[in-house]
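Engineer: Below is the structure I would like to discuss, written out as structure tokens.
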Amino acid sequence: MLLSDIKYCQDKFSLPGSVSNRFNNSFNYSSIEGIADNFSGLKDWEFSVIYGQEFSQNSAGNIYLLSVSKRIDNHFFSARYTPGYQKDFTFSSGTHFINTDSIPSALKSRFHYEEKFGLGYSFHFMPDFSAGITLRYFAQEISQDQLRTYFTDSTTLISVDTESKKYNFWRGDLSLSYSPAFDITLGLSTINLFTPEESDETNNTFQLKRAKGIGFTAFYNPVNLFAASFTYETSGSMLAGTNLNMKAFDGTLSFSLQTIHDKYQQPFIAGIIPALNFSNRHFSLTLSYIKYTDDRKKSGSYQDFAANGIHNIINNKYSYDKASLALNFALSTTAEKQVKFIDVKVTQDIFPTLSDVYLDSPFAVARVVNLTSKQIVVKPSSYVPAINKEYIQSPQVTINPNDTADVPFFTLIDEVAALSGKAEISQATFLLNTESYDAGDEFRKPVLINDYNSWDGKVINLRYFADNNINLIQEFAKEVLQKNKSLLDTIPAILNSFYSAKILFESVIKNLVYVADPRASVDRVQFPRETLRLKGGDCEDLSVLFSSLFESIGIQAAYVDYKSDSGISHVSLLFNSGLSAEQARLITSNDRKYFLRQNNENKDEVWLPIEPTSLTTFNTSWEIAAEKFQSDAIDKFGLAKGLVQIVDTP
């Protein structure tokens with residue numbers, strides 16, 4: 001959000017000084033004297049009041065301002081009533097006379113200036129640019145004593161009549177704000193751009209001076225704890241201020257000090273405004289004090305007033321020190337968004353069996369924009385009804401001011417929630433929240449949830465099917481081996497893995513048939529228990545079955561992925577015999593029938609390829625698989641070219 005809390009000196013003088021609500025964007029950044037494109041972070045209504053006291057000879061407290069504000073999307077409306085923005089002057093005009101009581105008297109001139117009310121509108125074009133307009137209505141009344149002489153037959157009478165005239169007018173100004181960088185805000189504002197009168201009669205001598213001009217502002221906020229502002233008007237007036245803030249009492253405590261140089265006041269630093277602000281979610285409270293640096297107790301002359309007049313009602317050479325208390329109250333605590341979705345891209349469909357995949361690889365990535373001029377931390381979460389029982393939190397992402405970023409969404413699949421048994425489209429809800437209480441954003445998008453047998457085509461993910469119900473498969477494997485215990489007891493221990501794999505393969509393969517997947521848009525893989533029950537399957541189903549059987553009894557297995565130009569892959573299996581290179585002769589004298597792979601201790605071990613889809617004996621399956629592996633993976637450099645991959649089953 002564009003931050004526009006700079007108050008213009010002199011013509012844009014503001015009672016709270018340079019302290020602002022910029023560190024809590026639930027409220028107005030400043031009053032209407034601030035730059036015209038003054039936005040509120042509040043999404044609903046806001047009420048403001050300023051109570052103050054001027055320390056003059058007739059010191060009295062007064063309500064300076066009552067205002068109400070409303071924001072609708074990128075539009076911001078404000079209106080205010082200013083009963084305390086008024087000033088009265090009484091001067092002796094220099095003309096003296098003797099009244100009927102023979103008492104010397106002087107003619108008086110009285111001047112009343114008042115701002116009645118103000119209106120504001122602003123529009124937020126983009127995160128770093130906005131513009132606005134303000135209208136204010138002023139009332140002026142100038143009363144001057146006039147001598148009237150009346151002649152009768154016996155005497156001459158002198159009386160004093162007071163002649164009063166009103167000179168009311170409107171004042172309108174435009175302004176722009178632009179943030180070229182996250183820590184810099186620049187502003188440009190007109191001064192007295194248009195000031196239409198209500199009557200044709202004018203009195204330029206005593207009316208409020210309305211010289212046209214331009215105000216330039218700069219705000220620098222390098223860190224959240226410190227900010228500095230500077231304003232220059234073409235009249236030569238200047239304003240400089242600093243802001244310091246800290247977190248306290250579940251809110252923000254800010255201190256500011258502002259100095260005023262006014263072309264129409266002396267000395268060079270005409271005054272200072274220290275201010276203290278506290279704001280939280282519900283209200284903002286500002287205590288400020290305006291201290292002028294010269295002696296304000298002496299009276300001004302009529303001649304000086306007639307020659308120079310005043311340019312500002314509450315800040316002029318005749319103003320006294322003031323104290324004010326400003327209160328902003330949130331009528332709604334629905335805060336404006338700090339972050340917003342631009343779009344959400346679903347990067348992969350959901351395959352429920354591959355549950356762990358979505359802990360490391362996002363299923364969706366959102367393009368997100370930071371709407372503020374400060375760095376924020378976004379907390380993303382998502383909820384997919386078909387697979388989640390609650391919102392799943394994803395890692396936090398830091399986004400720079402007014403910048404965009406990609407936010408990944410991960411998920412955790414609840415097995416019970418995902419047991420629908422069929423594919424479906426589920427409406428996913430994506431949420432963004434920030435570290436503070438400010439509201440984030442919400443986005444909905446459909447996600448395809450496949451059934452439990454669906455597979456994403458990545459061979460490495462076949463392991464999730466192999467690991468499913470591993471205890472049941474282990475019991476089955478042990479039963480098979482138990483039936484062949486007498487044979488296993490007669491072989492050397494070093495050959496136990498080889499013969500256990502051979503016995504399992506031949507005991508199971510004789511009951512299986514090859515069954516191709518039906519034509520479908522998504523590959524399907526059977527769980528090992530399903531393949532045993534259905535007594536058949538394709539290459540992935542059979543490889544998953546034997547991988548699961550071997551792994552369940554401690555024999556390492558790996559998938560061999562043969563890729564083709566047509567995009568159709570074939571999957572077969574390798575398993576670890578546990579033999580060293582020197583021991584390979586115990587099972588074969590043909591070195592083309594095995595493949596050496598290093599273990600974790602960098603020692604070579606003998607791995608044997610088998611082809612489950614051959615549906616033959618172990619030795620025939622071994623021979624067929626070895627011939628294909630030697631040809632495609634070794635002789636044709638398939639492993640080196642990436643056309644053949646060995647995928648371990650961790």
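The way I read the labels, and the way they are meant: chains A, B, ... in the order of the structure tokens, residue 1 as the first residue of every chain, and ligand 1 as the first ligand shown, with later ones counted on from there.
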Near Ser394 in chain A, within 8 Å and counting only C-alpha atoms, which residues show up once chain neighbours fewer than 3 positions away are dropped, as JSON, numbers by chain?
Structural biologist: {"A": [379, 380, 381, 382, 408, 409, 410, 411]}
Engineer: Skipping near chain neighbours, those fewer than 5 positions away, what residues fall within 7 Å of Tyr292 in chain A using only C-alpha atoms, listed as a list in words?
Structural biologist: Ala270, Gly271, Ile272 and Asp321 of chain A
Engineer: Could the residues in this selection be saved with C-alpha atoms as an mmCIF file, in the first residue's frame?
Structural biologist:
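Once everything was written out, this is out-v4.cif:
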```cif
data_model
loop_
_atom_site.group_PDB
_atom_site.id
_atom_site.type_symbol
_atom_site.label_atom_id
_atom_site.label_comp_id
_atom_site.auth_asym_id
_atom_site.auth_seq_id
_atom_site.Cartn_x
_atom_site.Cartn_y
_atom_site.Cartn_z
ATOM 1 C CA ALA A 270 9.193 28.857 13.727
ATOM 2 C CA GLY A 271 8.142 25.891 15.863
ATOM 3 C CA ILE A 272 8.514 22.243 16.768
ATOM 4 C CA ASP A 321 1.172 27.074 21.645
#
```
Engineer: Ala275 in chain A: which residues within 12 Å, counting only C-alpha atoms, same-chain residues fewer than 6 positions away excluded, as a ChimeraX atom specification?
Structural biologist: /A:14-20,241-245,253-259,285-291,322-326
Engineer: Could those selected residues go to a file with N, CA and C atoms, as a CSV table (one decimal), in the first residue's frame?
Structural biologist:
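Written file, selection33.csv:
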```
chain,number,residue,atom,x,y,z
A,14,SER,N,-0.8,20.3,10.1
A,14,SER,CA,-1.6,19.3,10.8
A,14,SER,C,-1.3,19.2,12.2
A,15,LEU,N,-2.3,19.2,13.1
A,15,LEU,CA,-2.1,19.3,14.5
A,15,LEU,C,-1.3,18.1,15.1
A,16,PRO,N,-1.5,16.9,14.6
A,16,PRO,CA,-0.7,15.8,15.1
A,16,PRO,C,0.8,15.7,14.7
A,17,GLY,N,1.2,16.7,13.9
A,17,GLY,CA,2.6,16.7,13.5
A,17,GLY,C,3.0,15.6,12.5
A,18,SER,N,4.2,15.1,12.6
A,18,SER,CA,4.6,14.1,11.6
A,18,SER,C,4.3,12.7,12.1
A,19,VAL,N,3.8,12.5,13.4
A,19,VAL,CA,3.5,11.2,13.8
A,19,VAL,C,2.3,10.7,13.0
A,20,SER,N,2.2,9.4,12.7
A,20,SER,CA,1.2,8.9,11.9
A,20,SER,C,0.9,7.5,12.2
A,241,GLY,N,10.7,16.1,9.6
A,241,GLY,CA,10.3,15.3,10.7
A,241,GLY,C,10.9,13.9,10.7
A,242,THR,N,10.9,13.3,11.9
A,242,THR,CA,11.3,11.9,12.1
A,242,THR,C,10.3,11.1,12.8
A,243,ASN,N,10.3,9.8,12.6
A,243,ASN,CA,9.4,8.9,13.3
A,243,ASN,C,10.2,7.8,13.8
A,244,LEU,N,10.0,7.4,15.1
A,244,LEU,CA,10.6,6.2,15.7
A,244,LEU,C,9.4,5.4,16.2
A,245,ASN,N,9.5,4.1,16.1
A,245,ASN,CA,8.4,3.2,16.6
A,245,ASN,C,8.9,2.0,17.2
A,253,LEU,N,3.9,1.7,19.4
A,253,LEU,CA,4.2,3.0,20.0
A,253,LEU,C,5.1,3.8,19.2
A,254,SER,N,4.7,5.0,18.8
A,254,SER,CA,5.5,5.8,17.9
A,254,SER,C,5.8,7.2,18.5
A,255,PHE,N,7.0,7.7,18.2
A,255,PHE,CA,7.4,9.1,18.7
A,255,PHE,C,7.9,9.8,17.5
A,256,SER,N,7.4,11.1,17.3
A,256,SER,CA,7.9,11.9,16.2
A,256,SER,C,8.3,13.3,16.7
A,257,LEU,N,9.2,13.9,16.0
A,257,LEU,CA,9.6,15.3,16.2
A,257,LEU,C,9.6,16.0,14.9
A,258,GLN,N,8.9,17.1,14.8
A,258,GLN,CA,8.7,17.8,13.5
A,258,GLN,C,9.2,19.3,13.7
A,259,THR,N,9.9,19.8,12.8
A,259,THR,CA,10.3,21.2,12.8
A,259,THR,C,9.6,22.0,11.7
A,285,LEU,N,-4.3,6.5,19.2
A,285,LEU,CA,-4.3,7.7,20.1
A,285,LEU,C,-3.0,8.5,19.9
A,286,THR,N,-3.1,9.8,19.6
A,286,THR,CA,-2.0,10.6,19.4
A,286,THR,C,-2.0,11.9,20.3
A,287,LEU,N,-1.0,12.1,21.0
A,287,LEU,CA,-0.8,13.3,21.9
A,287,LEU,C,0.3,14.1,21.3
A,288,SER,N,0.0,15.4,21.0
A,288,SER,CA,1.0,16.3,20.3
A,288,SER,C,1.0,17.6,21.0
A,289,TYR,N,2.1,18.4,20.8
A,289,TYR,CA,2.2,19.7,21.4
A,289,TYR,C,2.9,20.6,20.4
A,290,ILE,N,2.3,21.7,20.1
A,290,ILE,CA,2.9,22.7,19.2
A,290,ILE,C,3.6,23.8,20.0
A,291,LYS,N,4.9,23.9,19.9
A,291,LYS,CA,5.7,24.9,20.6
A,291,LYS,C,6.3,25.8,19.6
A,322,LYS,N,-0.1,25.0,21.4
A,322,LYS,CA,-1.3,24.2,21.5
A,322,LYS,C,-0.9,22.8,21.9
A,323,ALA,N,-1.9,22.1,22.6
A,323,ALA,CA,-1.8,20.7,22.9
A,323,ALA,C,-3.0,20.1,22.3
A,324,SER,N,-2.9,18.9,21.7
A,324,SER,CA,-4.0,18.2,21.1
A,324,SER,C,-4.0,16.7,21.3
A,325,LEU,N,-5.1,16.1,21.4
A,325,LEU,CA,-5.3,14.7,21.6
A,325,LEU,C,-6.2,14.2,20.4
A,326,ALA,N,-5.6,13.3,19.6
A,326,ALA,CA,-6.3,12.8,18.4
A,326,ALA,C,-6.7,11.3,18.7
```
Engineer: At what distance in Å, to one decimal, does CA of Lys345 in chain A lie from CA of Arg444 in chain A?
Structural biologist: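 The value is 10.9 Å.
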Engineer: I need the residues of range 438-603 of chain A that end up classed as strand (DSSP E or B) by DSSP on the backbone, written out as JSON, numbers by chain.
Structural biologist: {"A": [441, 442, 443, 444, 445, 446, 447, 448, 449, 454, 455, 513, 514, 523, 524, 536, 537, 557, 558, 559, 560, 561, 562, 570, 571, 572, 573, 574, 575, 576, 595, 596, 597, 598]}
Engineer: Would you mind exporting N, CA and C atoms of the selected residues as a short mmCIF file (atom, residue, chain, number, x, y, z; two decimals), in the first residue's frame?
Structural biologist:
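Saved result, selection.cif, follows:
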```cif
data_model
loop_
_atom_site.label_atom_id
_atom_site.label_comp_id
_atom_site.auth_asym_id
_atom_site.auth_seq_id
_atom_site.Cartn_x
_atom_site.Cartn_y
_atom_site.Cartn_z
N ASP A 441 -5.67 -13.37 2.10
CA ASP A 441 -6.50 -13.54 0.91
C ASP A 441 -6.85 -15.01 0.76
N GLU A 442 -7.87 -15.26 -0.06
CA GLU A 442 -8.37 -16.61 -0.27
C GLU A 442 -8.56 -16.83 -1.76
N PHE A 443 -8.28 -18.06 -2.21
CA PHE A 443 -8.41 -18.39 -3.63
C PHE A 443 -8.90 -19.83 -3.72
N ARG A 444 -9.81 -20.09 -4.66
CA ARG A 444 -10.33 -21.45 -4.86
C ARG A 444 -10.01 -21.92 -6.27
N LYS A 445 -9.65 -23.20 -6.36
CA LYS A 445 -9.36 -23.77 -7.67
C LYS A 445 -9.57 -25.28 -7.62
N PRO A 446 -10.12 -25.86 -8.70
CA PRO A 446 -10.35 -27.31 -8.70
C PRO A 446 -9.04 -28.08 -8.85
N VAL A 447 -8.98 -29.22 -8.18
CA VAL A 447 -7.81 -30.10 -8.24
C VAL A 447 -8.30 -31.51 -8.53
N LEU A 448 -7.64 -32.21 -9.44
CA LEU A 448 -8.01 -33.58 -9.76
C LEU A 448 -7.41 -34.52 -8.72
N ILE A 449 -8.28 -35.28 -8.08
CA ILE A 449 -7.85 -36.30 -7.11
C ILE A 449 -8.05 -37.66 -7.77
N SER A 454 -4.10 -45.08 -9.22
CA SER A 454 -3.53 -44.22 -10.26
C SER A 454 -2.07 -43.90 -9.94
N TRP A 455 -1.30 -43.78 -11.01
CA TRP A 455 0.16 -43.58 -10.89
C TRP A 455 0.57 -42.46 -11.81
N VAL A 513 -0.66 -64.34 -14.87
CA VAL A 513 -0.78 -64.10 -16.31
C VAL A 513 -0.54 -62.62 -16.57
N TYR A 514 -0.17 -62.33 -17.81
CA TYR A 514 0.05 -60.92 -18.18
C TYR A 514 -1.28 -60.31 -18.60
N ASP A 523 -2.03 -43.81 -15.91
CA ASP A 523 -1.53 -45.16 -15.66
C ASP A 523 -2.08 -45.69 -14.34
N ARG A 524 -2.29 -46.99 -14.31
CA ARG A 524 -2.78 -47.63 -13.09
C ARG A 524 -1.80 -48.71 -12.66
N GLY A 536 -2.56 -61.68 -11.85
CA GLY A 536 -2.09 -61.15 -13.11
C GLY A 536 -1.89 -59.65 -13.06
N GLY A 537 -1.21 -59.13 -14.11
CA GLY A 537 -0.99 -57.69 -14.21
C GLY A 537 -0.01 -57.39 -15.32
N ALA A 557 16.06 -54.48 -3.90
CA ALA A 557 15.57 -54.54 -5.27
C ALA A 557 15.64 -53.14 -5.89
N ALA A 558 15.66 -53.11 -7.21
CA ALA A 558 15.66 -51.84 -7.94
C ALA A 558 14.90 -52.04 -9.24
N TYR A 559 14.20 -50.98 -9.67
CA TYR A 559 13.48 -51.04 -10.93
C TYR A 559 14.42 -50.64 -12.06
N VAL A 560 14.23 -51.26 -13.22
CA VAL A 560 14.95 -50.87 -14.42
C VAL A 560 13.93 -50.26 -15.37
N ASP A 561 14.16 -49.00 -15.68
CA ASP A 561 13.23 -48.25 -16.53
C ASP A 561 13.82 -48.13 -17.93
N TYR A 562 13.18 -48.86 -18.88
CA TYR A 562 13.61 -48.79 -20.28
C TYR A 562 12.71 -47.80 -21.01
N HIS A 570 9.12 -49.51 -20.39
CA HIS A 570 8.98 -50.88 -19.88
C HIS A 570 9.76 -50.97 -18.58
N VAL A 571 9.17 -51.64 -17.59
CA VAL A 571 9.79 -51.74 -16.28
C VAL A 571 10.06 -53.21 -15.97
N SER A 572 11.30 -53.49 -15.59
CA SER A 572 11.64 -54.82 -15.08
C SER A 572 12.39 -54.64 -13.76
N LEU A 573 13.10 -55.70 -13.33
CA LEU A 573 13.62 -55.66 -11.96
C LEU A 573 15.07 -56.12 -11.90
N LEU A 574 15.82 -55.53 -10.94
CA LEU A 574 17.13 -56.00 -10.51
C LEU A 574 17.02 -56.36 -9.03
N PHE A 575 17.74 -57.40 -8.60
CA PHE A 575 17.81 -57.63 -7.15
C PHE A 575 19.24 -57.96 -6.75
N ASN A 576 19.57 -57.69 -5.51
CA ASN A 576 20.92 -57.85 -4.99
C ASN A 576 21.08 -59.27 -4.46
N PHE A 595 25.27 -57.67 -13.01
CA PHE A 595 25.68 -56.26 -13.07
C PHE A 595 26.24 -55.89 -11.71
N LEU A 596 27.43 -55.32 -11.69
CA LEU A 596 28.08 -54.96 -10.43
C LEU A 596 27.67 -53.54 -10.01
N ARG A 597 27.26 -53.42 -8.76
CA ARG A 597 26.91 -52.11 -8.18
C ARG A 597 27.60 -51.98 -6.82
N GLN A 598 28.03 -50.78 -6.50
CA GLN A 598 28.71 -50.56 -5.23
C GLN A 598 27.69 -50.34 -4.12
#
```
Engineer: Do you know which residues are at most 10 Å from Asp565 in chain A counting only C-alpha atoms, after dropping those on the same chain fewer than 3 positions away, and could you put them as JSON, numbers by chain?
Structural biologist: {"A": [568, 569, 643]}
Engineer: Extract, using only C-alpha atoms, all DNA, RNA and protein residues at most 12 Å from range 475-484 of chain A, discarding same-chain residues fewer than 4 positions from it, and format them as a ChimeraX atom specification.
Structural biologist: /A:469-471,488-491,496-497,499-508,528-529,532,545-555
Engineer: Using only C-alpha atoms, pick whichever of A:Phe230, A:Arg296, A:Tyr302, A:Ser235 has the shortest atom-to-atom distance to Thr95 in chain A.
Structural biologist: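 Of A:Phe230, A:Arg296, A:Tyr302, A:Ser235, the one nearest Thr95 in chain A is A:Tyr302, counting only C-alpha atoms.
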Engineer: Excluding Tyr85 in chain A and its own-chain neighbours fewer than 5 positions away, which residues fall within 7 Å of it when counting only C-alpha atoms? Please give them as a list of chain:residue names.
Structural biologist: A:Tyr64, A:Glu114, A:Glu115, A:Ile313, A:Ile314
Engineer: Can you write out the residues you just picked, keeping C-alpha atoms, as a PDB file, in the first residue's frame?
Structural biologist:
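Produced file out05.pdb, reproduced below:
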```pdb
ATOM      1  CA  TYR A  64     -11.025  20.767  16.659  1.00  0.00           C
ATOM      2  CA  GLU A 114     -13.303  29.493  10.027  1.00  0.00           C
ATOM      3  CA  GLU A 115     -13.070  26.234   8.141  1.00  0.00           C
ATOM      4  CA  ILE A 313      -6.179  29.624  10.334  1.00  0.00           C
ATOM      5  CA  ILE A 314      -4.542  27.528  13.038  1.00  0.00           C
TER       6      ILE A 314
END
```
